[in-house]
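A.B. asks: The structure file my_file.cif (mmCIF, C-alpha atoms) is provided below.
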```
data_structure
loop_
_atom_site.group_PDB
_atom_site.id
_atom_site.type_symbol
_atom_site.label_atom_id
_atom_site.label_comp_id
_atom_site.auth_asym_id
_atom_site.auth_seq_id
_atom_site.Cartn_x
_atom_site.Cartn_y
_atom_site.Cartn_z
ATOM 1 C CA MET A 1 -11.232 -11.554 25.944
ATOM 2 C CA ALA A 2 -10.305 -9.071 28.676
ATOM 3 C CA ASP A 3 -8.276 -10.201 31.687
ATOM 4 C CA LYS A 4 -10.012 -12.493 34.155
ATOM 5 C CA ARG A 5 -11.244 -11.153 37.484
ATOM 6 C CA LYS A 6 -10.627 -12.657 40.891
ATOM 7 C CA ILE A 7 -13.689 -13.510 42.943
ATOM 8 C CA GLY A 8 -12.565 -11.914 46.169
ATOM 9 C CA LYS A 9 -10.433 -14.005 48.507
ATOM 10 C CA SER A 10 -11.176 -17.187 46.606
ATOM 11 C CA GLY A 11 -8.827 -18.839 44.161
ATOM 12 C CA LEU A 12 -11.470 -18.471 41.458
ATOM 13 C CA LYS A 13 -10.869 -16.314 38.390
ATOM 14 C CA VAL A 14 -13.517 -15.654 35.759
ATOM 15 C CA ASN A 15 -14.115 -13.513 32.714
ATOM 16 C CA PRO A 16 -15.431 -9.989 33.462
ATOM 17 C CA VAL A 17 -19.042 -10.803 32.514
ATOM 18 C CA GLY A 18 -20.922 -13.808 33.883
ATOM 19 C CA LEU A 19 -24.311 -15.243 32.972
ATOM 20 C CA GLY A 20 -27.319 -14.929 35.243
ATOM 21 C CA CYS A 21 -29.376 -17.992 34.315
ATOM 22 C CA MET A 22 -32.566 -17.187 36.270
ATOM 23 C CA GLY A 23 -34.534 -15.981 33.268
ATOM 24 C CA PHE A 24 -34.521 -19.376 31.568
ATOM 25 C CA SER A 25 -36.885 -20.655 34.275
ATOM 26 C CA HIS A 26 -38.150 -17.826 36.408
ATOM 27 C CA ALA A 27 -39.428 -14.246 36.543
ATOM 28 C CA TYR A 28 -39.335 -13.364 32.827
ATOM 29 C CA GLY A 29 -42.406 -15.092 31.475
ATOM 30 C CA ALA A 30 -42.948 -18.784 30.768
ATOM 31 C CA PRO A 31 -39.789 -20.918 31.099
ATOM 32 C CA THR A 32 -37.689 -21.533 28.024
ATOM 33 C CA GLU A 33 -38.230 -25.038 26.618
ATOM 34 C CA LYS A 34 -35.773 -27.378 28.365
ATOM 35 C CA ASN A 35 -33.615 -28.421 25.417
ATOM 36 C CA GLU A 36 -33.536 -24.884 24.066
ATOM 37 C CA ALA A 37 -32.430 -23.537 27.454
ATOM 38 C CA ILE A 38 -29.707 -26.160 27.798
ATOM 39 C CA SER A 39 -28.496 -25.408 24.277
ATOM 40 C CA MET A 40 -28.376 -21.653 24.923
ATOM 41 C CA ILE A 41 -26.445 -22.015 28.189
ATOM 42 C CA ARG A 42 -23.957 -24.264 26.405
ATOM 43 C CA LYS A 43 -23.667 -21.722 23.570
ATOM 44 C CA ALA A 44 -22.883 -19.099 26.192
ATOM 45 C CA TYR A 45 -19.909 -21.182 27.291
ATOM 46 C CA ASP A 46 -18.741 -21.396 23.682
ATOM 47 C CA MET A 47 -18.938 -17.587 23.481
ATOM 48 C CA GLY A 48 -16.572 -17.239 26.430
ATOM 49 C CA TYR A 49 -18.801 -17.229 29.500
ATOM 50 C CA ASP A 50 -17.200 -19.169 32.342
ATOM 51 C CA PHE A 51 -19.213 -17.952 35.360
ATOM 52 C CA PHE A 52 -22.800 -19.174 35.649
ATOM 53 C CA ASP A 53 -25.265 -18.121 38.334
ATOM 54 C CA THR A 54 -28.373 -20.000 39.452
ATOM 55 C CA ALA A 55 -30.340 -20.735 42.662
ATOM 56 C CA GLU A 56 -32.465 -23.460 44.186
ATOM 57 C CA CYS A 57 -35.521 -21.183 44.122
ATOM 58 C CA TYR A 58 -35.297 -20.365 40.406
ATOM 59 C CA ILE A 59 -38.154 -22.552 39.294
ATOM 60 C CA GLY A 60 -41.039 -22.195 36.892
ATOM 61 C CA MET A 61 -43.902 -24.162 35.383
ATOM 62 C CA ASN A 62 -43.396 -25.592 31.906
ATOM 63 C CA ALA A 63 -46.169 -25.650 29.316
ATOM 64 C CA ASP A 64 -46.712 -29.375 29.960
ATOM 65 C CA GLY A 65 -47.198 -28.801 33.699
ATOM 66 C CA SER A 66 -43.766 -30.056 34.732
ATOM 67 C CA THR A 67 -41.410 -27.975 36.848
ATOM 68 C CA SER A 68 -38.413 -26.178 35.352
ATOM 69 C CA TYR A 69 -35.524 -26.355 37.813
ATOM 70 C CA ASN A 70 -32.909 -23.835 36.771
ATOM 71 C CA GLU A 71 -30.107 -25.719 38.521
ATOM 72 C CA GLU A 72 -30.847 -28.819 36.453
ATOM 73 C CA LEU A 73 -30.625 -26.860 33.202
ATOM 74 C CA VAL A 74 -27.284 -25.366 34.203
ATOM 75 C CA GLY A 75 -25.921 -28.712 35.357
ATOM 76 C CA VAL A 76 -26.813 -30.555 32.160
ATOM 77 C CA ALA A 77 -25.597 -27.744 29.888
ATOM 78 C CA LEU A 78 -22.176 -27.551 31.529
ATOM 79 C CA ARG A 79 -21.563 -31.181 32.438
ATOM 80 C CA ASP A 80 -18.941 -31.817 29.775
ATOM 81 C CA VAL A 81 -17.074 -28.571 30.509
ATOM 82 C CA ARG A 82 -17.393 -28.668 34.291
ATOM 83 C CA LYS A 83 -13.667 -28.237 34.921
ATOM 84 C CA HIS A 84 -13.598 -25.027 32.907
ATOM 85 C CA VAL A 85 -16.450 -23.121 34.567
ATOM 86 C CA VAL A 86 -17.419 -21.618 37.901
ATOM 87 C CA ILE A 87 -20.957 -22.430 39.015
ATOM 88 C CA ALA A 88 -22.662 -20.386 41.718
ATOM 89 C CA THR A 89 -25.964 -21.231 43.349
ATOM 90 C CA LYS A 90 -27.902 -20.046 46.383
ATOM 91 C CA PHE A 91 -29.819 -21.198 49.451
ATOM 92 C CA GLY A 92 -32.101 -19.547 51.964
ATOM 93 C CA VAL A 93 -35.147 -18.474 49.937
ATOM 94 C CA ALA A 94 -38.381 -20.256 49.124
ATOM 95 C CA HIS A 95 -41.498 -18.984 47.384
ATOM 96 C CA GLY A 96 -44.608 -18.809 49.544
ATOM 97 C CA SER A 97 -48.155 -17.748 48.787
ATOM 98 C CA ASN A 98 -47.473 -14.361 50.386
ATOM 99 C CA GLY A 99 -44.009 -13.770 48.969
ATOM 100 C CA LEU A 100 -40.493 -14.915 49.727
ATOM 101 C CA ILE A 101 -39.740 -17.033 52.771
ATOM 102 C CA MET A 102 -36.252 -16.529 54.259
ATOM 103 C CA ASP A 103 -34.888 -19.632 55.971
ATOM 104 C CA SER A 104 -31.203 -20.020 56.825
ATOM 105 C CA LYS A 105 -31.505 -22.434 59.707
ATOM 106 C CA PRO A 106 -28.522 -24.818 59.721
ATOM 107 C CA GLU A 107 -30.707 -27.851 59.055
ATOM 108 C CA THR A 108 -32.350 -26.071 56.113
ATOM 109 C CA ILE A 109 -28.975 -25.125 54.633
ATOM 110 C CA ARG A 110 -27.795 -28.728 54.844
ATOM 111 C CA LYS A 111 -30.916 -29.962 53.097
ATOM 112 C CA SER A 112 -30.538 -27.250 50.459
ATOM 113 C CA VAL A 113 -26.910 -27.989 49.647
ATOM 114 C CA GLU A 114 -27.662 -31.672 49.085
ATOM 115 C CA GLY A 115 -30.543 -30.767 46.775
ATOM 116 C CA SER A 116 -28.431 -28.329 44.784
ATOM 117 C CA LEU A 117 -25.550 -30.796 44.423
ATOM 118 C CA LYS A 118 -27.995 -33.373 43.062
ATOM 119 C CA ARG A 119 -29.805 -31.024 40.665
ATOM 120 C CA LEU A 120 -26.542 -29.568 39.357
ATOM 121 C CA GLY A 121 -24.995 -33.014 39.093
ATOM 122 C CA VAL A 122 -21.724 -31.831 40.649
ATOM 123 C CA GLU A 123 -19.556 -33.047 43.509
ATOM 124 C CA VAL A 124 -18.824 -29.576 44.858
ATOM 125 C CA ILE A 125 -20.396 -26.131 44.463
ATOM 126 C CA ASP A 126 -17.831 -23.481 43.532
ATOM 127 C CA LEU A 127 -19.604 -20.500 45.110
ATOM 128 C CA TYR A 128 -22.543 -20.881 47.480
ATOM 129 C CA TYR A 129 -24.539 -17.774 48.358
ATOM 130 C CA GLN A 130 -26.923 -17.067 51.161
ATOM 131 C CA HIS A 131 -29.676 -15.741 48.895
ATOM 132 C CA ARG A 132 -31.230 -13.341 51.391
ATOM 133 C CA ILE A 133 -30.573 -12.517 55.023
ATOM 134 C CA ASP A 134 -32.779 -14.442 57.439
ATOM 135 C CA PRO A 135 -33.635 -11.967 60.232
ATOM 136 C CA ASN A 136 -34.055 -14.853 62.669
ATOM 137 C CA ILE A 137 -30.571 -16.322 62.193
ATOM 138 C CA GLU A 138 -27.319 -14.635 63.186
ATOM 139 C CA PRO A 139 -24.635 -14.242 60.483
ATOM 140 C CA GLU A 140 -22.162 -16.116 62.662
ATOM 141 C CA THR A 141 -24.442 -19.148 62.653
ATOM 142 C CA VAL A 142 -24.677 -19.158 58.861
ATOM 143 C CA ALA A 143 -20.930 -18.617 58.484
ATOM 144 C CA GLU A 144 -20.148 -21.540 60.771
ATOM 145 C CA VAL A 145 -22.269 -23.842 58.604
ATOM 146 C CA MET A 146 -20.335 -22.562 55.569
ATOM 147 C CA ASN A 147 -17.105 -23.423 57.391
ATOM 148 C CA GLU A 148 -18.373 -26.949 57.904
ATOM 149 C CA LEU A 149 -19.514 -27.356 54.285
ATOM 150 C CA ILE A 150 -16.123 -26.188 53.019
ATOM 151 C CA LYS A 151 -14.320 -28.674 55.293
ATOM 152 C CA GLU A 152 -16.653 -31.432 54.099
ATOM 153 C CA GLY A 153 -15.858 -30.622 50.450
ATOM 154 C CA LYS A 154 -19.441 -29.756 49.520
ATOM 155 C CA ILE A 155 -18.673 -26.114 48.645
ATOM 156 C CA ARG A 156 -15.450 -24.284 47.791
ATOM 157 C CA TYR A 157 -16.299 -20.700 48.741
ATOM 158 C CA TRP A 158 -19.298 -18.742 49.872
ATOM 159 C CA GLY A 159 -20.955 -15.382 49.465
ATOM 160 C CA ILE A 160 -23.961 -13.358 50.553
ATOM 161 C CA SER A 161 -26.651 -11.787 48.386
ATOM 162 C CA GLU A 162 -28.332 -8.510 49.364
ATOM 163 C CA THR A 163 -26.117 -8.069 52.401
ATOM 164 C CA THR A 164 -25.412 -5.086 54.615
ATOM 165 C CA GLU A 165 -21.970 -3.987 55.812
ATOM 166 C CA ASP A 166 -22.573 -5.132 59.397
ATOM 167 C CA TYR A 167 -23.810 -8.561 58.349
ATOM 168 C CA LEU A 168 -20.879 -8.979 55.957
ATOM 169 C CA ARG A 169 -18.295 -8.024 58.565
ATOM 170 C CA ARG A 170 -19.717 -10.362 61.191
ATOM 171 C CA ALA A 171 -19.968 -13.292 58.792
ATOM 172 C CA ASP A 172 -16.501 -12.712 57.339
ATOM 173 C CA LYS A 173 -14.878 -12.983 60.772
ATOM 174 C CA VAL A 174 -16.176 -16.549 61.129
ATOM 175 C CA CYS A 175 -15.731 -17.798 57.557
ATOM 176 C CA PRO A 176 -14.108 -15.568 54.914
ATOM 177 C CA VAL A 177 -16.645 -14.262 52.403
ATOM 178 C CA SER A 178 -15.518 -14.230 48.767
ATOM 179 C CA ALA A 179 -18.379 -12.406 47.061
ATOM 180 C CA VAL A 180 -21.380 -10.219 47.651
ATOM 181 C CA GLN A 181 -24.141 -10.492 45.071
ATOM 182 C CA ASN A 182 -26.171 -7.303 45.276
ATOM 183 C CA ARG A 183 -28.331 -5.350 42.859
ATOM 184 C CA TYR A 184 -26.187 -2.798 41.066
ATOM 185 C CA SER A 185 -26.683 -0.818 37.888
ATOM 186 C CA MET A 186 -26.779 2.754 36.658
ATOM 187 C CA LEU A 187 -30.342 2.867 37.947
ATOM 188 C CA ALA A 188 -29.651 1.296 41.363
ATOM 189 C CA ARG A 189 -26.459 2.610 42.949
ATOM 190 C CA ASP A 190 -27.229 2.114 46.663
ATOM 191 C CA ASN A 191 -24.551 -0.499 46.992
ATOM 192 C CA GLU A 192 -21.746 1.870 46.084
ATOM 193 C CA LYS A 193 -21.696 2.572 49.805
ATOM 194 C CA LEU A 194 -20.293 -0.941 50.247
ATOM 195 C CA PHE A 195 -17.262 -0.280 48.035
ATOM 196 C CA PRO A 196 -14.919 0.644 50.942
ATOM 197 C CA VAL A 197 -15.678 -2.509 52.943
ATOM 198 C CA LEU A 198 -15.487 -4.716 49.851
ATOM 199 C CA GLU A 199 -12.026 -3.324 49.157
ATOM 200 C CA GLU A 200 -10.977 -3.681 52.800
ATOM 201 C CA LEU A 201 -12.094 -7.311 53.077
ATOM 202 C CA ASP A 202 -11.171 -8.313 49.497
ATOM 203 C CA VAL A 203 -14.715 -9.246 48.496
ATOM 204 C CA ALA A 204 -16.004 -9.195 44.910
ATOM 205 C CA LEU A 205 -19.241 -7.476 43.951
ATOM 206 C CA VAL A 206 -21.230 -9.733 41.647
ATOM 207 C CA ALA A 207 -23.793 -7.343 40.221
ATOM 208 C CA PHE A 208 -27.233 -8.745 39.498
ATOM 209 C CA SER A 209 -29.719 -6.861 37.322
ATOM 210 C CA PRO A 210 -26.784 -4.797 35.947
ATOM 211 C CA LEU A 211 -28.923 -3.572 33.054
ATOM 212 C CA GLY A 212 -31.802 -2.441 35.252
ATOM 213 C CA ASN A 213 -33.782 -5.558 34.295
ATOM 214 C CA GLY A 214 -33.169 -4.831 30.631
ATOM 215 C CA PHE A 215 -34.140 -1.168 30.756
ATOM 216 C CA LEU A 216 -30.623 0.100 29.968
ATOM 217 C CA THR A 217 -30.457 -1.827 26.706
ATOM 218 C CA GLY A 218 -32.753 0.802 25.203
ATOM 219 C CA LYS A 219 -34.791 -1.961 23.576
ATOM 220 C CA TYR A 220 -38.041 -1.019 25.347
ATOM 221 C CA ASN A 221 -40.347 1.989 25.595
ATOM 222 C CA ALA A 222 -43.432 3.075 27.509
ATOM 223 C CA SER A 223 -45.606 0.981 25.194
ATOM 224 C CA SER A 224 -43.751 -2.261 25.928
ATOM 225 C CA LYS A 225 -45.958 -4.890 27.561
ATOM 226 C CA PHE A 226 -44.950 -7.682 29.931
ATOM 227 C CA GLU A 227 -47.091 -10.589 31.094
ATOM 228 C CA ALA A 228 -48.464 -9.815 34.547
ATOM 229 C CA GLY A 229 -47.856 -12.450 37.184
ATOM 230 C CA VAL A 230 -44.980 -14.219 35.414
ATOM 231 C CA ASP A 231 -42.798 -11.382 34.106
ATOM 232 C CA TYR A 232 -41.539 -9.208 36.966
ATOM 233 C CA ARG A 233 -41.030 -6.240 34.640
ATOM 234 C CA SER A 234 -44.807 -5.790 34.499
ATOM 235 C CA HIS A 235 -44.702 -4.082 37.909
ATOM 236 C CA MET A 236 -41.260 -2.442 37.842
ATOM 237 C CA PRO A 237 -41.472 1.359 38.156
ATOM 238 C CA GLN A 238 -38.755 2.041 35.588
ATOM 239 C CA TYR A 239 -41.036 0.511 32.946
ATOM 240 C CA THR A 240 -43.613 3.273 33.267
ATOM 241 C CA GLU A 241 -44.093 6.477 31.340
ATOM 242 C CA GLU A 242 -42.536 8.362 34.258
ATOM 243 C CA GLY A 243 -39.529 6.041 34.228
ATOM 244 C CA PHE A 244 -38.860 6.493 30.532
ATOM 245 C CA MET A 245 -39.286 10.271 30.752
ATOM 246 C CA THR A 246 -36.896 10.526 33.693
ATOM 247 C CA ALA A 247 -34.271 8.446 31.917
ATOM 248 C CA GLU A 248 -34.297 10.455 28.672
ATOM 249 C CA SER A 249 -31.047 12.336 29.380
ATOM 250 C CA LEU A 250 -29.258 9.148 30.425
ATOM 251 C CA MET A 251 -30.388 7.167 27.416
ATOM 252 C CA LYS A 252 -29.365 10.023 25.112
ATOM 253 C CA ARG A 253 -25.845 10.061 26.566
ATOM 254 C CA LEU A 254 -25.598 6.276 26.384
ATOM 255 C CA ASP A 255 -26.586 6.456 22.727
ATOM 256 C CA GLU A 256 -23.892 9.069 22.054
ATOM 257 C CA LEU A 257 -21.197 7.028 23.790
ATOM 258 C CA ALA A 258 -22.349 3.874 22.039
ATOM 259 C CA THR A 259 -21.932 5.587 18.673
ATOM 260 C CA GLU A 260 -18.481 6.881 19.633
ATOM 261 C CA LYS A 261 -17.307 3.466 20.853
ATOM 262 C CA GLY A 262 -18.961 1.334 18.190
ATOM 263 C CA ALA A 263 -20.955 -0.376 20.916
ATOM 264 C CA SER A 264 -24.553 -0.691 22.132
ATOM 265 C CA LYS A 265 -26.212 1.200 24.978
ATOM 266 C CA GLY A 266 -26.279 -1.990 27.020
ATOM 267 C CA GLN A 267 -22.555 -2.508 26.480
ATOM 268 C CA ILE A 268 -21.810 1.028 27.657
ATOM 269 C CA SER A 269 -23.918 0.378 30.779
ATOM 270 C CA LEU A 270 -21.943 -2.759 31.612
ATOM 271 C CA ALA A 271 -18.578 -1.207 30.703
ATOM 272 C CA TRP A 272 -19.379 1.632 33.129
ATOM 273 C CA MET A 273 -19.207 -0.757 36.095
ATOM 274 C CA ILE A 274 -16.510 -3.060 34.719
ATOM 275 C CA CYS A 275 -14.151 -0.126 34.156
ATOM 276 C CA LYS A 276 -15.097 1.520 37.458
ATOM 277 C CA LYS A 277 -13.778 -1.206 39.794
ATOM 278 C CA PRO A 278 -11.668 -4.319 39.101
ATOM 279 C CA TYR A 279 -13.695 -6.404 41.560
ATOM 280 C CA ILE A 280 -17.123 -5.847 39.957
ATOM 281 C CA ILE A 281 -18.450 -8.758 37.892
ATOM 282 C CA PRO A 282 -21.857 -8.158 36.285
ATOM 283 C CA ILE A 283 -24.064 -11.179 35.579
ATOM 284 C CA PRO A 284 -26.691 -10.021 33.057
ATOM 285 C CA GLY A 285 -29.140 -12.615 31.841
ATOM 286 C CA SER A 286 -30.767 -13.200 28.474
ATOM 287 C CA ARG A 287 -32.422 -15.995 26.521
ATOM 288 C CA LYS A 288 -31.324 -14.545 23.187
ATOM 289 C CA GLU A 289 -28.086 -15.573 21.493
ATOM 290 C CA GLY A 290 -27.478 -12.114 20.055
ATOM 291 C CA ARG A 291 -27.913 -10.443 23.430
ATOM 292 C CA LEU A 292 -25.602 -12.967 25.085
ATOM 293 C CA ARG A 293 -22.893 -12.081 22.562
ATOM 294 C CA GLU A 294 -23.544 -8.399 23.075
ATOM 295 C CA ASN A 295 -23.297 -8.652 26.857
ATOM 296 C CA ILE A 296 -20.021 -10.547 26.957
ATOM 297 C CA GLY A 297 -18.636 -8.146 24.354
ATOM 298 C CA SER A 298 -18.998 -5.289 26.825
ATOM 299 C CA ALA A 299 -15.761 -6.454 28.471
ATOM 300 C CA GLU A 300 -13.935 -5.172 25.391
ATOM 301 C CA VAL A 301 -15.447 -1.679 25.636
ATOM 302 C CA SER A 302 -13.197 0.821 27.404
ATOM 303 C CA LEU A 303 -14.414 3.873 29.298
ATOM 304 C CA SER A 304 -11.985 6.398 30.750
ATOM 305 C CA GLU A 305 -12.102 7.667 34.334
ATOM 306 C CA ALA A 306 -13.366 10.975 32.961
ATOM 307 C CA GLU A 307 -16.187 9.286 31.051
ATOM 308 C CA ILE A 308 -17.195 7.278 34.116
ATOM 309 C CA ALA A 309 -17.143 10.429 36.259
ATOM 310 C CA GLU A 310 -19.281 12.244 33.698
ATOM 311 C CA LEU A 311 -21.838 9.426 33.720
ATOM 312 C CA ASP A 312 -21.847 9.372 37.524
ATOM 313 C CA GLU A 313 -22.529 13.104 37.597
ATOM 314 C CA LEU A 314 -25.429 12.639 35.208
ATOM 315 C CA LEU A 315 -26.783 9.765 37.291
ATOM 316 C CA ASP A 316 -26.523 11.827 40.482
ATOM 317 C CA LYS A 317 -29.085 14.221 39.012
ATOM 318 C CA LEU A 318 -31.628 11.529 38.147
ATOM 319 C CA ASP A 319 -34.477 10.801 40.525
ATOM 320 C CA MET A 320 -35.244 7.550 38.793
ATOM 321 C CA PRO A 321 -38.108 5.315 39.965
ATOM 322 C CA VAL A 322 -36.592 1.845 39.791
ATOM 323 C CA TYR A 323 -37.286 -1.564 41.253
ATOM 324 C CA GLY A 324 -34.891 -2.458 44.051
ATOM 325 C CA GLN A 325 -33.548 1.068 44.583
ATOM 326 C CA LYS A 326 -33.929 2.261 48.167
ATOM 327 C CA LYS A 327 -35.030 5.809 48.724
#
```
Have the structure of the file written as structure tokens, please.
C.D. replies:
Amino acid sequence: MADKRKIGKSGLKVNPVGLGCMGFSHAYGAPTEKNEAISMIRKAYDMGYDFFDTAECYIGMNADGSTSYNEELVGVALRDVRKHVVIATKFGVAHGSNGLIMDSKPETIRKSVEGSLKRLGVEVIDLYYQHRIDPNIEPETVAEVMNELIKEGKIRYWGISETTEDYLRRADKVCPVSAVQNRYSMLARDNEKLFPVLEELDVALVAFSPLGNGFLTGKYNASSKFEAGVDYRSHMPQYTEEGFMTAESLMKRLDELATEKGASKGQISLAWMICKKPYIIPIPGSRKEGRLRENIGSAEVSLSEAEIAELDELLDKLDMPVYGQKK
């Protein structure tokens, strides 16, 4: 296993690839059966994963009508190895009939942290993210609550998901931020503009959707179908004929590099960011044992600065339609 990576200013160190657990309950079709999900998360630990990401809003409806709480699955799966893993969860987002509801009021955060502690079955949360910025609450207010929760022993460190530079700077002045969890992949590179401030403030970039929601694995094509309403990929622009046509040159180069390195296209995609910056920690998700092994194996794939620069140059020329990429 490659050297561990420091999560920003925190004392936490983890392996270079973490596991995004959302897909076991939410956004990628019907939830995985409970015992199967717990077993797979535990297998991930046995493979070498030691950084697990979840959120209070990652919920889904099981076949029997019961609710699948992602935090509960993670908590049960890792209970006997709790001292050997870092668990991250999030507050501040709820699902409403018209989309996401952002709520980071202090009283809401306090209710959320108690719920997450209970569902995870832990005494303290290692890394607690504000899931999305609440436009009605100042970053200083949120950061002060994080200060209080740290002093009370409910959380160890905190981070912000989908943050901007200004919000990060303001929050960090009140309570040091250890990690930013933003969308980042070969297809969505907006957040490279945050690299200078992340380096200045010693903040890790935990990259979600690092494989472009699976697109960069090369396992799908324009004929691939996803269940509308429960699988978010059904409305993602990269999974269209235009998306696949635009990405042809990239996928060809990934295939060439994969052959040269004895790796997969997905592994090259993850190695591209791991080798680019020592503070980037991708958290790809999968329900499949083989894909979990493949993803964590990307930490052993080495790309040179020249190879990374070549890929960046290729990516600069793509006008790729992709979910989450700002134009």
A.B. asks: For Gly121 of chain A, list every protein, DNA or RNA residue within 9 Å, evaluated using only C-alpha atoms, and leave out those in the same chain fewer than 6 positions away; present the list as number ranges by chain.
C.D. replies: A: 71-72, 75-76, 79
A.B. asks: Restricting the calculation to all atoms listed in the file, which member of A:Glu310, A:Asp53, A:Glu300, A:Asp172 is positioned closest to Tyr128 of chain A?
C.D. replies: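 The shortest atom-to-atom distance to Tyr128 of chain A comes from A:Asp53.
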A.B. asks: Check the smallest atom-to-atom distance from each of A:Ile283, A:Ala299, A:Ala188, A:Leu318 to Met245 of chain A using only C-alpha atoms, then report the winner.
C.D. replies: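 Closest to Met245 of chain A of all the choices is A:Leu318.
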A.B. asks: Would you write out, as number ranges by chain, every residue that the PyMOL selection byres ((chain A and resi 145-158) around 8) captures in this file?
C.D. replies: A: 10, 106, 109, 113, 123-130, 141-144, 159-160, 174-179
A.B. asks: Rounded to one decimal place, report the atom CA of Val85 of chain A-atom CA of Lys105 of chain A distance in Å.
C.D. replies: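 For atom CA of Val85 of chain A relative to atom CA of Lys105 of chain A, the distance reads 29.3 Å.
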A.B. asks: Do a neighbour search on Arg287 of chain A at 10 Å with all atoms listed in the file, toss out local chain neighbours closer than 4 positions, and write the hits as a compact mmCIF listing (two decimals) with C-alpha atoms, in the frame of the given file.
C.D. replies:
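Final output, result-v9.txt:
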```txt
# COMPACT_ATOMS: atom_id res chain seq x y z
CA CYS A 21 -29.38 -17.99 34.32
CA MET A 22 -32.57 -17.19 36.27
CA GLY A 23 -34.53 -15.98 33.27
CA PHE A 24 -34.52 -19.38 31.57
CA TYR A 28 -39.34 -13.36 32.83
CA PRO A 31 -39.79 -20.92 31.10
CA THR A 32 -37.69 -21.53 28.02
CA GLU A 36 -33.54 -24.88 24.07
CA ALA A 37 -32.43 -23.54 27.45
CA MET A 40 -28.38 -21.65 24.92
CA ILE A 41 -26.44 -22.02 28.19
CA ARG A 291 -27.91 -10.44 23.43
CA LEU A 292 -25.60 -12.97 25.08
```
A.B. asks: Excluding same-chain residues fewer than 3 positions from Asp202 of chain A, what lies within 8 Å of it counting all atoms listed in the file, as a ChimeraX atom specification?
C.D. replies: /A:8-9,178,198-199
A.B. asks: Name the residues that the PyMOL selection byres ((chain A and resi 138) around 10) picks from the file above, as a VMD selection string, using the file's chain letters and numbers.
C.D. replies: chain A and resid 104 to 105 133 to 137 139 to 143 167 170 to 171
A.B. asks: Would you mind completing segment 75-86 of chain A to N, CA and C atoms and writing the output as a short mmCIF file (atom, residue, chain, number, x, y, z; two decimals), keeping the file's coordinate frame?
C.D. replies:
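Written out: result33.cif:
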```cif
data_model
loop_
_atom_site.label_atom_id
_atom_site.label_comp_id
_atom_site.auth_asym_id
_atom_site.auth_seq_id
_atom_site.Cartn_x
_atom_site.Cartn_y
_atom_site.Cartn_z
N GLY A 75 -26.74 -27.52 35.17
CA GLY A 75 -25.92 -28.71 35.36
C GLY A 75 -25.76 -29.53 34.09
N VAL A 76 -26.86 -29.76 33.39
CA VAL A 76 -26.81 -30.56 32.16
C VAL A 76 -26.01 -29.82 31.08
N ALA A 77 -26.25 -28.52 30.94
CA ALA A 77 -25.60 -27.74 29.89
C ALA A 77 -24.08 -27.72 30.04
N LEU A 78 -23.61 -27.74 31.28
CA LEU A 78 -22.18 -27.55 31.53
C LEU A 78 -21.45 -28.82 31.96
N ARG A 79 -22.14 -29.94 31.91
CA ARG A 79 -21.56 -31.18 32.44
C ARG A 79 -20.24 -31.54 31.78
N ASP A 80 -20.16 -31.38 30.46
CA ASP A 80 -18.94 -31.82 29.78
C ASP A 80 -17.82 -30.78 29.83
N VAL A 81 -18.12 -29.60 30.38
CA VAL A 81 -17.07 -28.57 30.51
C VAL A 81 -16.93 -28.14 31.97
N ARG A 82 -17.34 -29.01 32.86
CA ARG A 82 -17.39 -28.67 34.29
C ARG A 82 -16.08 -28.11 34.82
N LYS A 83 -14.96 -28.66 34.39
CA LYS A 83 -13.67 -28.24 34.92
C LYS A 83 -13.26 -26.83 34.46
N HIS A 84 -13.98 -26.31 33.49
CA HIS A 84 -13.60 -25.03 32.91
C HIS A 84 -14.52 -23.88 33.31
N VAL A 85 -15.48 -24.15 34.19
CA VAL A 85 -16.45 -23.12 34.57
C VAL A 85 -16.57 -23.00 36.08
N VAL A 86 -17.08 -21.86 36.50
CA VAL A 86 -17.42 -21.62 37.90
C VAL A 86 -18.94 -21.55 37.99
#
```
